[in-house]
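A.B. asks: As input, take final_22.cif (mmCIF, C-alpha atoms):
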data_data
#
loop_
_atom_site.label_atom_id
_atom_site.label_comp_id
_atom_site.auth_asym_id
_atom_site.auth_seq_id
_atom_site.Cartn_x
_atom_site.Cartn_y
_atom_site.Cartn_z
CA MET A 24 92.91 88.51 -54.24
CA LYS A 25 92.68 90.06 -50.78
CA THR A 26 89.58 89.53 -48.64
CA TYR A 27 87.55 91.97 -46.55
CA GLU A 28 89.54 91.03 -43.45
CA ASP A 29 92.84 91.60 -45.24
CA LEU A 30 92.04 95.24 -45.78
CA ALA A 31 92.69 97.43 -42.75
CA GLY A 32 90.07 100.00 -41.80
CA ASP A 33 86.59 100.22 -43.19
CA GLY A 34 87.02 102.05 -46.45
CA GLY A 35 87.86 105.49 -45.15
CA SER A 36 84.74 106.59 -43.31
CA ASN A 37 85.72 105.20 -39.91
CA ILE A 38 82.11 104.21 -39.44
CA ILE A 39 82.83 101.74 -36.65
CA GLU A 40 84.92 104.34 -34.84
CA GLN A 41 82.16 106.92 -35.28
CA VAL A 42 79.42 104.58 -34.06
CA GLU A 43 81.56 103.71 -31.03
CA ALA A 44 82.08 107.42 -30.31
CA LEU A 45 78.34 108.06 -30.50
CA GLY A 46 77.75 105.14 -28.16
CA LYS A 47 80.29 106.49 -25.65
CA LYS A 48 78.60 109.88 -25.69
CA LEU A 49 75.21 108.29 -25.04
CA ARG A 50 76.67 106.20 -22.22
CA SER A 51 78.31 109.23 -20.61
CA ARG A 52 74.87 110.89 -20.39
CA LEU A 53 73.03 107.83 -19.12
CA ASP A 54 75.60 106.98 -16.47
CA ARG A 55 74.73 110.21 -14.66
CA ILE A 56 71.04 109.30 -14.44
CA LYS A 57 70.14 106.78 -11.75
CA TYR A 58 66.73 105.54 -12.89
CA LYS A 59 65.09 105.67 -16.28
CA VAL A 60 61.37 104.98 -16.39
CA ALA A 61 59.11 105.03 -19.47
CA LEU A 62 55.41 105.84 -19.11
CA MET A 63 53.44 104.34 -21.94
CA SER A 64 50.15 102.99 -23.18
CA GLY A 65 49.13 101.29 -26.33
CA LYS A 66 46.18 103.67 -26.42
CA GLY A 67 46.20 107.42 -27.03
CA GLY A 68 44.21 109.85 -24.92
CA VAL A 69 44.62 108.06 -21.60
CA GLY A 70 46.40 110.98 -19.94
CA LYS A 71 50.01 109.80 -20.23
CA SER A 72 51.60 113.22 -20.49
CA SER A 73 49.58 114.87 -17.73
CA LEU A 74 50.28 111.94 -15.48
CA THR A 75 53.99 111.93 -16.38
CA ALA A 76 54.24 115.62 -15.46
CA ASN A 77 52.47 115.07 -12.15
CA VAL A 78 54.48 111.97 -11.31
CA ALA A 79 57.57 114.13 -11.92
CA ALA A 80 56.18 116.81 -9.62
CA CYS A 81 55.54 114.22 -6.92
CA LEU A 82 59.11 112.91 -7.24
CA VAL A 83 60.47 116.46 -6.99
CA ASP A 84 58.33 116.96 -3.90
CA LYS A 85 60.02 113.93 -2.37
CA GLY A 86 63.43 115.48 -2.99
CA TYR A 87 64.48 113.75 -6.21
CA SER A 88 66.00 115.51 -9.21
CA VAL A 89 63.90 114.74 -12.27
CA GLY A 90 64.03 115.18 -16.03
CA ILE A 91 61.42 114.35 -18.66
CA LEU A 92 62.21 113.22 -22.18
CA ASP A 93 59.25 113.90 -24.43
CA ALA A 94 59.47 110.90 -26.75
CA ASP A 95 56.20 111.83 -28.44
CA LEU A 96 57.96 113.40 -31.41
CA ASN A 97 54.87 114.28 -33.41
CA GLY A 98 52.57 115.21 -30.55
CA PRO A 99 54.85 116.78 -27.93
CA SER A 100 53.07 118.23 -24.91
CA ILE A 101 55.56 118.31 -22.04
CA CYS A 102 56.73 121.89 -22.77
CA HIS A 103 53.15 123.06 -22.58
CA LEU A 104 52.50 121.20 -19.35
CA LEU A 105 55.69 122.43 -17.68
CA GLY A 106 55.27 126.03 -18.84
CA LEU A 107 58.21 126.24 -21.24
CA LYS A 108 57.33 128.60 -24.07
CA ASN A 109 58.37 128.19 -27.70
CA SER A 110 60.28 131.49 -27.45
CA HIS A 111 62.71 129.78 -25.07
CA LYS A 112 66.18 130.27 -26.54
CA LEU A 113 67.90 127.00 -27.24
CA ILE A 114 71.41 126.89 -25.78
CA VAL A 115 73.83 124.78 -27.79
CA ASP A 116 77.38 124.60 -26.47
CA ASP A 117 80.28 122.19 -26.27
CA ARG A 118 78.48 120.19 -23.57
CA GLY A 119 75.52 119.56 -25.86
CA VAL A 120 72.05 121.06 -25.95
CA GLN A 121 70.93 122.42 -22.60
CA PRO A 122 67.60 121.01 -21.41
CA GLY A 123 64.72 123.34 -20.68
CA ILE A 124 63.88 123.99 -17.06
CA GLY A 125 60.17 123.66 -16.43
CA THR A 126 58.07 124.37 -13.38
CA HIS A 127 59.47 122.96 -10.10
CA GLY A 128 62.92 122.77 -11.73
CA ILE A 129 62.02 119.73 -13.82
CA LYS A 130 64.45 119.40 -16.74
CA LEU A 131 62.95 118.58 -20.10
CA MET A 132 63.76 117.97 -23.73
CA SER A 133 61.12 117.93 -26.40
CA MET A 134 60.75 118.46 -30.13
CA ASP A 135 58.75 121.56 -29.22
CA MET A 136 61.98 123.14 -27.97
CA LEU A 137 63.65 122.70 -31.36
CA LEU A 138 60.93 124.11 -33.59
CA SER A 139 60.87 127.75 -34.60
CA SER A 140 57.17 128.35 -34.02
CA PRO A 141 54.55 126.84 -31.70
CA ASP A 142 52.43 125.50 -34.54
CA SER A 143 55.28 124.02 -36.59
CA PRO A 144 54.77 120.32 -37.28
CA VAL A 145 57.66 117.90 -37.12
CA MET A 146 58.72 117.43 -40.75
CA TRP A 147 62.01 116.07 -41.96
CA THR A 148 61.96 117.73 -45.33
CA GLU A 149 59.98 120.45 -47.01
CA GLU A 150 59.49 118.09 -49.93
CA ALA A 151 56.12 116.41 -50.29
CA ASP A 152 57.53 113.07 -51.41
CA ALA A 153 59.30 112.10 -48.20
CA THR A 154 59.19 108.34 -47.97
CA ALA A 155 57.86 106.47 -44.98
CA VAL A 156 61.27 104.83 -44.67
CA TRP A 157 62.92 108.23 -44.45
CA VAL A 158 60.48 109.50 -41.81
CA SER A 159 60.90 106.34 -39.73
CA THR A 160 64.66 106.59 -40.02
CA MET A 161 64.70 110.20 -38.97
CA GLU A 162 62.45 109.59 -35.98
CA SER A 163 64.78 106.90 -34.68
CA THR A 164 67.75 109.19 -35.16
CA ALA A 165 65.92 112.12 -33.53
CA LEU A 166 65.16 110.07 -30.46
CA ARG A 167 68.81 109.07 -30.14
CA GLU A 168 69.90 112.68 -30.41
CA LEU A 169 67.32 113.87 -27.87
CA VAL A 170 68.70 111.38 -25.34
CA ALA A 171 72.40 111.56 -26.15
CA ASP A 172 72.91 115.22 -27.03
CA THR A 173 70.95 116.75 -24.17
CA ASP A 174 73.16 117.79 -21.29
CA TRP A 175 70.95 116.22 -18.61
CA GLY A 176 73.62 116.41 -15.92
CA ASP A 177 73.07 114.40 -12.74
CA LEU A 178 69.51 113.16 -12.30
CA ASP A 179 67.79 110.73 -9.98
CA PHE A 180 65.00 110.03 -12.48
CA LEU A 181 64.54 110.44 -16.20
CA LEU A 182 60.89 109.91 -17.06
CA ILE A 183 60.18 109.14 -20.69
CA ASP A 184 56.79 110.28 -21.92
CA MET A 185 56.13 107.78 -24.69
CA PRO A 186 53.90 108.41 -27.72
CA PRO A 187 50.66 106.44 -28.11
CA GLY A 188 51.27 102.92 -29.34
CA SER A 189 53.98 100.44 -28.48
CA ASP A 190 56.33 100.72 -31.44
CA ARG A 191 58.68 103.34 -30.00
CA ILE A 192 59.66 101.15 -27.05
CA ASP A 193 61.95 99.24 -29.43
CA ASN A 194 64.03 102.40 -29.90
CA ILE A 195 64.04 103.31 -26.23
CA ARG A 196 65.09 99.84 -25.15
CA SER A 197 67.90 99.86 -27.65
CA LEU A 198 69.09 103.29 -26.49
CA ILE A 199 68.60 102.64 -22.77
CA PRO A 200 69.18 98.94 -22.08
CA GLU A 201 69.25 99.56 -18.32
CA LEU A 202 65.70 100.95 -18.38
CA ALA A 203 64.28 100.48 -14.86
CA GLY A 204 61.01 99.60 -16.47
CA VAL A 205 57.84 100.84 -18.08
CA VAL A 206 54.69 102.02 -16.39
CA GLU A 207 51.66 101.04 -18.44
CA ILE A 208 48.62 103.31 -18.28
CA SER A 209 45.04 102.44 -19.18
CA ILE A 210 41.66 103.98 -18.61
CA PRO A 211 38.81 101.65 -17.57
CA SER A 212 37.19 101.42 -21.01
CA LEU A 213 37.26 97.99 -22.60
CA LEU A 214 38.72 99.44 -25.79
CA SER A 215 41.65 100.94 -23.89
CA GLN A 216 42.25 97.73 -21.97
CA HIS A 217 42.13 95.75 -25.21
CA ILE A 218 44.91 97.85 -26.72
CA VAL A 219 46.98 98.19 -23.56
CA SER A 220 46.84 94.42 -23.25
CA LYS A 221 48.75 94.16 -26.53
CA SER A 222 51.33 96.66 -25.30
CA ILE A 223 51.88 94.61 -22.13
CA SER A 224 52.19 91.40 -24.15
CA LYS A 225 54.77 92.98 -26.43
CA ASN A 226 56.85 94.22 -23.51
CA ASN A 227 56.69 90.79 -21.90
CA LYS A 228 57.83 89.14 -25.11
CA MET A 229 60.65 91.66 -25.51
CA LYS A 230 61.57 91.14 -21.84
CA VAL A 231 61.14 94.84 -21.11
CA PRO A 232 60.61 95.10 -17.36
CA ILE A 233 57.12 96.32 -16.45
CA ILE A 234 56.86 98.23 -13.19
CA GLY A 235 53.09 98.00 -13.22
CA LEU A 236 49.78 99.18 -14.56
CA ILE A 237 48.00 102.40 -13.60
CA GLU A 238 44.26 102.79 -13.95
CA ASN A 239 43.90 106.42 -14.96
CA MET A 240 40.65 108.39 -15.15
CA ALA A 241 39.09 105.83 -12.83
CA GLY A 242 35.97 107.85 -12.23
CA TYR A 243 36.01 111.58 -11.60
CA THR A 244 36.34 113.65 -8.52
CA CYS A 245 34.31 116.83 -8.17
CA PRO A 246 36.84 119.62 -7.48
CA HIS A 247 34.32 121.31 -5.17
CA CYS A 248 32.92 118.53 -2.98
CA GLU A 249 35.36 115.72 -3.87
CA LYS A 250 32.44 113.38 -4.45
CA GLU A 251 33.41 110.59 -6.84
CA GLY A 252 31.42 109.34 -9.80
CA PRO A 253 31.88 107.03 -12.81
CA LEU A 254 33.53 108.38 -15.97
CA PHE A 255 34.00 105.40 -18.30
CA GLU A 256 32.13 102.18 -18.59
CA GLY A 257 34.46 99.27 -18.31
CA GLU A 258 35.87 96.54 -16.17
CA ASN A 259 38.29 96.94 -13.31
CA VAL A 260 41.78 97.45 -14.75
CA GLU A 261 43.19 95.52 -11.81
CA SER A 262 41.87 92.30 -13.35
CA LEU A 263 43.95 93.03 -16.49
CA ALA A 264 47.04 93.40 -14.31
CA LYS A 265 46.29 90.06 -12.64
CA GLN A 266 45.67 88.40 -15.97
CA LYS A 267 49.00 89.65 -17.28
CA ASN A 268 50.78 88.87 -14.03
CA ILE A 269 52.04 92.40 -13.49
CA SER A 270 51.68 94.77 -10.53
CA TYR A 271 48.62 96.95 -10.25
CA LEU A 272 49.83 100.38 -9.17
CA GLY A 273 46.44 101.83 -8.35
CA LYS A 274 43.65 103.96 -9.71
CA ILE A 275 43.75 107.70 -10.22
CA PRO A 276 40.41 109.51 -10.41
CA PHE A 277 40.05 112.19 -13.05
CA ASP A 278 40.19 115.78 -11.91
CA THR A 279 39.50 118.47 -14.48
CA ARG A 280 42.43 120.50 -13.16
CA ILE A 281 45.10 117.82 -13.66
CA GLY A 282 46.02 118.73 -17.23
CA ARG A 283 46.76 122.36 -16.56
CA LYS A 284 48.94 124.37 -14.29
CA THR A 285 47.34 125.90 -11.23
CA ASP A 286 46.93 129.64 -10.74
CA SER A 287 50.23 129.66 -8.90
CA GLY A 288 52.02 128.22 -11.95
CA SER A 289 52.49 124.86 -10.28
CA LEU A 290 51.55 121.47 -11.58
CA TYR A 291 48.31 120.04 -10.22
CA TYR A 292 50.00 117.69 -7.76
CA MET A 293 51.97 120.39 -5.96
CA ASP A 294 48.90 122.41 -5.02
CA ASN A 295 46.49 119.51 -4.52
CA LYS A 296 48.49 116.88 -2.65
CA ASP A 297 45.68 116.28 -0.20
CA SER A 298 42.95 115.92 -2.80
CA VAL A 299 41.67 112.45 -3.65
CA THR A 300 43.53 112.54 -6.97
CA GLY A 301 46.66 114.00 -5.37
CA LYS A 302 46.77 111.20 -2.81
CA ALA A 303 46.25 108.65 -5.56
CA ILE A 304 49.21 110.04 -7.53
CA ASN A 305 51.36 109.88 -4.41
CA SER A 306 50.33 106.28 -3.79
CA VAL A 307 51.26 105.31 -7.35
CA VAL A 308 54.62 107.08 -7.09
CA GLU A 309 55.37 105.27 -3.81
CA LYS A 310 54.83 101.97 -5.60
CA ILE A 311 57.06 103.04 -8.49
CA LEU A 312 59.77 103.94 -5.98
CA GLU A 313 59.40 100.57 -4.22
CA SER A 314 59.90 98.85 -7.56
CA THR A 315 62.85 100.90 -8.82
CA ILE A 316 64.98 101.93 -5.84
CA MET B 14 82.10 98.40 -47.07
CA LYS B 15 85.54 98.36 -48.67
CA PHE B 16 86.70 98.53 -52.27
CA LEU B 17 89.60 96.59 -53.72
CA CYS B 18 91.58 97.44 -56.84
CA ILE B 19 91.78 93.99 -58.41
CA PRO B 20 94.83 94.53 -60.68
CA CYS B 21 96.86 96.01 -57.81
CA ASP B 22 95.24 93.96 -55.01
CA GLU B 23 95.20 97.17 -52.93
CA LYS B 24 92.46 98.84 -50.91
CA MET B 25 90.95 101.84 -52.63
CA GLU B 26 90.87 105.01 -50.53
CA THR B 27 87.95 107.35 -50.03
CA GLN B 28 88.54 110.63 -51.81
CA VAL B 29 87.71 113.76 -49.86
CA ASP B 30 87.22 115.67 -53.09
CA GLY B 31 85.10 112.95 -54.56
CA ILE B 32 81.94 113.19 -52.56
CA MET B 33 79.13 115.37 -53.75
CA PRO B 34 75.56 114.41 -53.08
CA GLU B 35 73.49 115.20 -56.11
CA GLU B 36 70.43 115.67 -53.97
CA LYS B 37 69.13 114.52 -50.61
CA LYS B 38 68.18 111.11 -51.83
CA ASN B 39 71.37 110.12 -53.57
CA LEU B 40 74.97 109.82 -52.61
CA ALA B 41 78.08 109.51 -54.71
CA MET B 42 81.45 108.64 -53.23
CA LYS B 43 84.73 108.36 -55.08
CA PHE B 44 87.41 105.79 -54.28
CA LYS B 45 90.91 105.76 -55.71
CA CYS B 46 93.69 103.23 -55.84
CA LYS B 47 96.83 104.90 -54.56
CA LYS B 48 99.00 102.51 -56.53
CA CYS B 49 97.62 102.79 -60.06
CA GLY B 50 95.43 105.87 -59.65
CA HIS B 51 92.29 104.17 -60.94
CA SER B 52 89.08 105.72 -59.57
CA ILE B 53 85.60 104.38 -59.17
CA ALA B 54 82.40 105.92 -57.82
CA MET B 55 79.92 104.28 -55.50
CA LEU B 56 76.39 105.48 -56.14
CA THR B 57 73.56 104.82 -53.73
CA ASN B 58 69.84 104.98 -54.22
CA LYS B 59 67.63 106.84 -51.76
CA PHE B 60 66.90 103.78 -49.63
CA GLU B 61 70.58 102.94 -49.26
CA THR B 62 71.29 106.58 -48.46
CA GLU B 63 68.61 106.60 -45.78
CA PHE B 64 70.03 103.44 -44.27
CA VAL B 65 73.46 105.02 -43.93
CA SER B 66 72.01 108.17 -42.42
CA LYS B 67 70.31 106.18 -39.65
CA LEU B 68 73.69 105.40 -38.13
CA GLY B 69 74.25 109.11 -37.49
CA VAL B 70 77.76 108.89 -38.90
CA GLN B 71 79.55 110.99 -41.49
CA MET B 72 81.01 109.52 -44.64
CA GLY B 73 84.75 110.12 -44.58
CA GLY B 74 84.43 111.54 -41.08
CA THR B 75 86.10 110.82 -37.78
CA ALA B 76 84.85 109.94 -34.31
CA ALA B 77 85.44 113.53 -33.20
CA GLU B 78 83.45 114.90 -36.11
CA ALA B 79 80.57 112.51 -35.48
CA THR B 80 80.13 113.81 -31.96
CA ALA B 81 81.07 117.46 -32.50
CA ALA B 82 77.71 118.91 -33.48
CA PRO B 83 74.98 118.28 -30.89
CA MET B 84 71.78 117.09 -32.53
CA GLY B 85 73.57 117.47 -35.84
CA VAL B 86 71.25 115.19 -37.80
CA MET B 87 68.17 117.08 -36.70
CA ALA B 88 69.91 120.42 -37.26
CA GLY B 89 70.31 119.48 -40.88
CA ALA B 90 67.08 117.64 -41.51
CA LEU B 91 64.38 119.20 -39.36
CA ALA B 92 62.25 121.55 -41.43
CA GLY B 93 61.39 124.64 -39.41
CA GLY B 94 64.09 124.03 -36.79
CA LYS B 95 65.33 126.89 -34.61
CA GLU B 96 68.33 128.89 -35.82
CA GLU B 97 70.25 128.15 -32.60
CA LEU B 98 70.12 124.47 -33.49
CA LYS B 99 71.51 125.05 -36.97
CA LYS B 100 74.30 127.27 -35.68
CA GLY B 101 75.53 124.48 -33.46
CA ALA B 102 77.73 123.07 -36.22
CA PRO B 103 81.39 124.13 -36.22
CA THR B 104 82.38 126.95 -38.59
CA GLU B 105 85.56 127.69 -40.49
CA GLU B 106 87.45 130.82 -39.55
CA ASP B 107 89.51 131.55 -42.65
CA VAL B 108 86.71 131.77 -45.15
CA GLU B 109 83.40 133.50 -45.37
CA TRP B 110 80.30 131.73 -46.63
CA THR B 111 77.64 133.82 -48.33
CA GLU B 112 74.11 133.28 -47.09
CA GLU B 113 73.18 131.41 -50.27
CA ALA B 114 76.22 129.16 -49.96
CA LYS B 115 75.36 128.47 -46.30
CA GLN B 116 71.85 127.50 -47.27
CA ARG B 117 73.12 125.20 -50.00
CA ILE B 118 75.57 123.41 -47.76
CA GLN B 119 72.86 123.12 -45.10
CA LYS B 120 70.74 121.21 -47.59
CA VAL B 121 73.39 118.53 -47.90
CA PRO B 122 72.49 115.57 -45.67
CA PHE B 123 74.22 115.72 -42.31
CA PHE B 124 76.18 112.54 -42.74
CA VAL B 125 77.92 113.78 -45.87
CA ARG B 126 77.90 117.52 -45.13
CA ASN B 127 81.31 117.43 -43.54
CA MET B 128 82.79 115.78 -46.61
CA ALA B 129 81.03 118.22 -48.91
CA LYS B 130 82.36 121.12 -46.83
CA LYS B 131 85.89 119.75 -47.00
CA THR B 132 85.56 119.45 -50.75
CA VAL B 133 84.45 123.06 -51.12
CA LEU B 134 87.07 124.37 -48.68
CA THR B 135 89.89 122.47 -50.38
CA PHE B 136 88.74 123.80 -53.74
CA ALA B 137 88.62 127.35 -52.38
CA LYS B 138 92.03 127.05 -50.72
CA GLU B 139 93.65 125.80 -53.92
CA ARG B 140 92.42 128.94 -55.67
CA GLY B 141 93.11 131.39 -52.84
CA VAL B 142 89.40 132.15 -52.56
CA THR B 143 88.23 133.49 -49.20
CA ILE B 144 84.56 134.01 -49.96
CA ILE B 145 82.53 130.93 -50.75
CA ASP B 146 79.47 131.70 -52.80
CA ALA B 147 76.99 129.79 -54.93
CA LYS B 148 79.11 130.27 -58.05
CA LEU B 149 82.11 128.63 -56.43
CA MET B 150 79.93 125.75 -55.29
CA ASP B 151 78.71 125.32 -58.86
CA GLU B 152 82.34 125.16 -59.97
CA VAL B 153 83.08 122.51 -57.36
CA ARG B 154 80.18 120.43 -58.55
CA GLU B 155 81.31 120.76 -62.15
CA LYS B 156 84.88 119.87 -61.28
CA VAL B 157 83.97 116.86 -59.20
CA GLY B 158 81.59 115.84 -61.93
CA MET B 159 78.87 114.46 -59.72
#
Can you give me the file's structure in the form of structure tokens?
C.D. replies:
Amino acid sequence: MKTYEDLAGDGGSNIIEQVEALGKKLRSRLDRIKYKVALMSGKGGVGKSSLTANVAACLVDKGYSVGILDADLNGPSICHLLGLKNSHKLIVDDRGVQPGIGTHGIKLMSMDMLLSSPDSPVMWTEEADATAVWVSTMESTALRELVADTDWGDLDFLLIDMPPGSDRIDNIRSLIPELAGVVEISIPSLLSQHIVSKSISKNNKMKVPIIGLIENMAGYTCPHCEKEGPLFEGENVESLAKQKNISYLGKIPFDTRIGRKTDSGSLYYMDNKDSVTGKAINSVVEKILESTI
Amino acid sequence: MKFLCIPCDEKMETQVDGIMPEEKKNLAMKFKCKKCGHSIAMLTNKFETEFVSKLGVQMGGTAAEATAAPMGVMAGALAGGKEELKKGAPTEEDVEWTEEAKQRIQKVPFFVRNMAKKTVLTFAKERGVTIIDAKLMDEVREKVGM
């Protein structure tokens, strides 16, 4: 009786050929992007998305072309931050799906762009009995399609706004093996540092390069007098970086205006470069550039 | 995965007219021995079906078909997705699909939709039908027997 190897092909579905074709398409997109950087934190609510948007703005200000992949499938916020409305018409052509163009010309792709209404949740079936396996499977597939089927064009930087937690980095690393690295973000609270510590350990074990650790919301800055004050009780995040033997990229004081666009429609950084928080963002970006370029 | 006809010692071929997912969670594929004509069906449970779908490939498809529809898996599976996303899939020029038929084919999982479409189109072509409606799709299902 013939064996598996004796039979030519794979049974008629050309699965290997199809998987190879999908891989080539993904590679053709990634090869046009110089640096891919993921911004993540084990903890939610540390300001990842706002910081990602403002890091992008800072990079644009320095003359780089930038795109943001919103990898937070169930809690996307990049469209909102970059001023892309849900009514934006999705353009699907033979090159793929065209990315949205947010404020300052930042390209973006997010689940929010694919949903028919602003309050639509991400659901993979209308049926109530969707299994956890199915949801997990679809999320992995969705992430691949968001990376590979978006016509990013030529970019200097693709920033990946990761969801809370550290599980999605497995997908990203598999999709983008040449990832320049991840930027870990923590606020000073002990709880945040406890969880971010796990995220750093996981990345170290997986040999995912870590660019460094940012201490976000490190006190607040009064938008009127720029006087600084404490915001969270906790220990210096720098000591966590030292303990984990990774770079400390700096602290960014909280400014109430950072999570929203300014009156001019710009992101916070563009109109507040000389503020304490603006300068802190610039300092962090300089360190990211030193590490990646 | 490959299937061998033991009496003939020949590889069984995937049948384009043999695939018809009963519902989103199950998949049925027909294989036939070209030599003796014996057919078998491979039936998957929902977990096996989900595993196949993760690859983003189409059963009985080609490399070109796998990459033809941008965000094709999400277009088929995302509840509440934009119409522009759903329209991204290639359409056939010689036949017209009624709205109900379009909706039914859209419910077929992405990775087997192409095969299901081929099945329906072949069936329609054999009968000289140019409008594909729900009734014709019922006939296809009955004929295929899955």
A.B. asks: Report as a PyMOL selection string the full result of the PyMOL selection byres ((chain A and resi 260) around 12) when it is applied to this structure.
C.D. replies: chain A and resi 207-217+219-220+235-241+255-259+261-267+269-275
A.B. asks: Care to translate the PyMOL selection byres ((chain A and resi 299-304) around 9) into actual residues of this file, as a list in words?
C.D. replies: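 When the PyMOL selection byres ((chain A and resi 299-304) around 9) is applied to the shown file, the picked residues are Leu74, Asn77, Val78, Cys81, Tyr243, Thr244, Glu249, Gly273, Lys274, Ile275, Pro276, Phe277, Asp278, Ile281, Tyr291, Tyr292, Met293, Asp294, Asn295, Lys296, Asp297, Ser298, Asn305, Ser306, Val307, Val308 and Glu309 of chain A.
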A.B. asks: Per residue of chain A within 9 Å of chain B, record the nearest atom pair and its distance in Å to one decimal, counting all atoms listed in the file, with rows in chain order and ascending residue number, as JSON lines.
C.D. replies:
{"residue": "A:Met24", "atom": "CA", "partner": "B:Asp22", "partner_atom": "CA", "distance": 6.0}
{"residue": "A:Lys25", "atom": "CA", "partner": "B:Asp22", "partner_atom": "CA", "distance": 6.3}
{"residue": "A:Thr26", "atom": "CA", "partner": "B:Leu17", "partner_atom": "CA", "distance": 8.7}
{"residue": "A:Tyr27", "atom": "CA", "partner": "B:Lys15", "partner_atom": "CA", "distance": 7.0}
{"residue": "A:Leu30", "atom": "CA", "partner": "B:Lys24", "partner_atom": "CA", "distance": 6.3}
{"residue": "A:Ala31", "atom": "CA", "partner": "B:Lys24", "partner_atom": "CA", "distance": 8.3}
{"residue": "A:Gly32", "atom": "CA", "partner": "B:Lys15", "partner_atom": "CA", "distance": 8.4}
{"residue": "A:Asp33", "atom": "CA", "partner": "B:Lys15", "partner_atom": "CA", "distance": 5.9}
{"residue": "A:Gly34", "atom": "CA", "partner": "B:Lys15", "partner_atom": "CA", "distance": 4.6}
{"residue": "A:Gly35", "atom": "CA", "partner": "B:Thr27", "partner_atom": "CA", "distance": 5.2}
{"residue": "A:Ser36", "atom": "CA", "partner": "B:Gly73", "partner_atom": "CA", "distance": 3.8}
{"residue": "A:Asn37", "atom": "CA", "partner": "B:Thr75", "partner_atom": "CA", "distance": 6.0}
{"residue": "A:Ile38", "atom": "CA", "partner": "B:Val70", "partner_atom": "CA", "distance": 6.4}
{"residue": "A:Ile39", "atom": "CA", "partner": "B:Ala76", "partner_atom": "CA", "distance": 8.8}
{"residue": "A:Glu40", "atom": "CA", "partner": "B:Ala76", "partner_atom": "CA", "distance": 5.6}
{"residue": "A:Gln41", "atom": "CA", "partner": "B:Ala76", "partner_atom": "CA", "distance": 4.2}
{"residue": "A:Val42", "atom": "CA", "partner": "B:Val70", "partner_atom": "CA", "distance": 6.7}
{"residue": "A:Glu43", "atom": "CA", "partner": "B:Ala76", "partner_atom": "CA", "distance": 7.8}
{"residue": "A:Ala44", "atom": "CA", "partner": "B:Ala76", "partner_atom": "CA", "distance": 5.5}
{"residue": "A:Leu45", "atom": "CA", "partner": "B:Thr80", "partner_atom": "CA", "distance": 6.2}
{"residue": "A:Lys48", "atom": "CA", "partner": "B:Thr80", "partner_atom": "CA", "distance": 7.6}
{"residue": "A:Lys112", "atom": "CA", "partner": "B:Glu97", "partner_atom": "CA", "distance": 7.6}
{"residue": "A:Leu113", "atom": "CA", "partner": "B:Glu97", "partner_atom": "CA", "distance": 6.0}
{"residue": "A:Ile114", "atom": "CA", "partner": "B:Glu97", "partner_atom": "CA", "distance": 7.0}
{"residue": "A:Val115", "atom": "CA", "partner": "B:Gly101", "partner_atom": "CA", "distance": 5.9}
{"residue": "A:Asp116", "atom": "CA", "partner": "B:Gly101", "partner_atom": "CA", "distance": 7.2}
{"residue": "A:Asp117", "atom": "CA", "partner": "B:Ala81", "partner_atom": "CA", "distance": 7.9}
{"residue": "A:Arg118", "atom": "CA", "partner": "B:Pro83", "partner_atom": "CA", "distance": 8.3}
{"residue": "A:Gly119", "atom": "CA", "partner": "B:Pro83", "partner_atom": "CA", "distance": 5.2}
{"residue": "A:Val120", "atom": "CA", "partner": "B:Pro83", "partner_atom": "CA", "distance": 6.4}
{"residue": "A:Met136", "atom": "CA", "partner": "B:Lys95", "partner_atom": "CA", "distance": 8.3}
{"residue": "A:Leu137", "atom": "CA", "partner": "B:Lys95", "partner_atom": "CA", "distance": 5.6}
{"residue": "A:Leu138", "atom": "CA", "partner": "B:Gly94", "partner_atom": "CA", "distance": 4.5}
{"residue": "A:Ser139", "atom": "CA", "partner": "B:Lys95", "partner_atom": "CA", "distance": 4.5}
{"residue": "A:Ser140", "atom": "CA", "partner": "B:Gly93", "partner_atom": "CA", "distance": 7.8}
{"residue": "A:Ser143", "atom": "CA", "partner": "B:Gly93", "partner_atom": "CA", "distance": 6.8}
{"residue": "A:Pro144", "atom": "CA", "partner": "B:Gly93", "partner_atom": "CA", "distance": 8.2}
{"residue": "A:Val145", "atom": "CA", "partner": "B:Leu91", "partner_atom": "CA", "distance": 7.2}
{"residue": "A:Met146", "atom": "CA", "partner": "B:Ala92", "partner_atom": "CA", "distance": 5.5}
{"residue": "A:Trp147", "atom": "CA", "partner": "B:Leu91", "partner_atom": "CA", "distance": 4.7}
{"residue": "A:Thr148", "atom": "CA", "partner": "B:Ala92", "partner_atom": "CA", "distance": 5.5}
{"residue": "A:Glu149", "atom": "CA", "partner": "B:Ala92", "partner_atom": "CA", "distance": 6.1}
{"residue": "A:Val156", "atom": "CA", "partner": "B:Phe60", "partner_atom": "CA", "distance": 7.6}
{"residue": "A:Trp157", "atom": "CA", "partner": "B:Glu63", "partner_atom": "CA", "distance": 6.1}
{"residue": "A:Thr160", "atom": "CA", "partner": "B:Lys67", "partner_atom": "CA", "distance": 5.7}
{"residue": "A:Met161", "atom": "CA", "partner": "B:Lys67", "partner_atom": "CA", "distance": 6.9}
{"residue": "A:Ser163", "atom": "CA", "partner": "B:Lys67", "partner_atom": "CA", "distance": 7.5}
{"residue": "A:Thr164", "atom": "CA", "partner": "B:Lys67", "partner_atom": "CA", "distance": 6.0}
{"residue": "A:Ala165", "atom": "CA", "partner": "B:Met87", "partner_atom": "CA", "distance": 6.3}
{"residue": "A:Arg167", "atom": "CA", "partner": "B:Met84", "partner_atom": "CA", "distance": 8.9}
{"residue": "A:Glu168", "atom": "CA", "partner": "B:Met84", "partner_atom": "CA", "distance": 5.2}
{"residue": "A:Leu169", "atom": "CA", "partner": "B:Met84", "partner_atom": "CA", "distance": 7.2}
{"residue": "A:Ala171", "atom": "CA", "partner": "B:Met84", "partner_atom": "CA", "distance": 8.5}
{"residue": "A:Asp172", "atom": "CA", "partner": "B:Pro83", "partner_atom": "CA", "distance": 5.3}
{"residue": "A:Thr173", "atom": "CA", "partner": "B:Pro83", "partner_atom": "CA", "distance": 8.0}
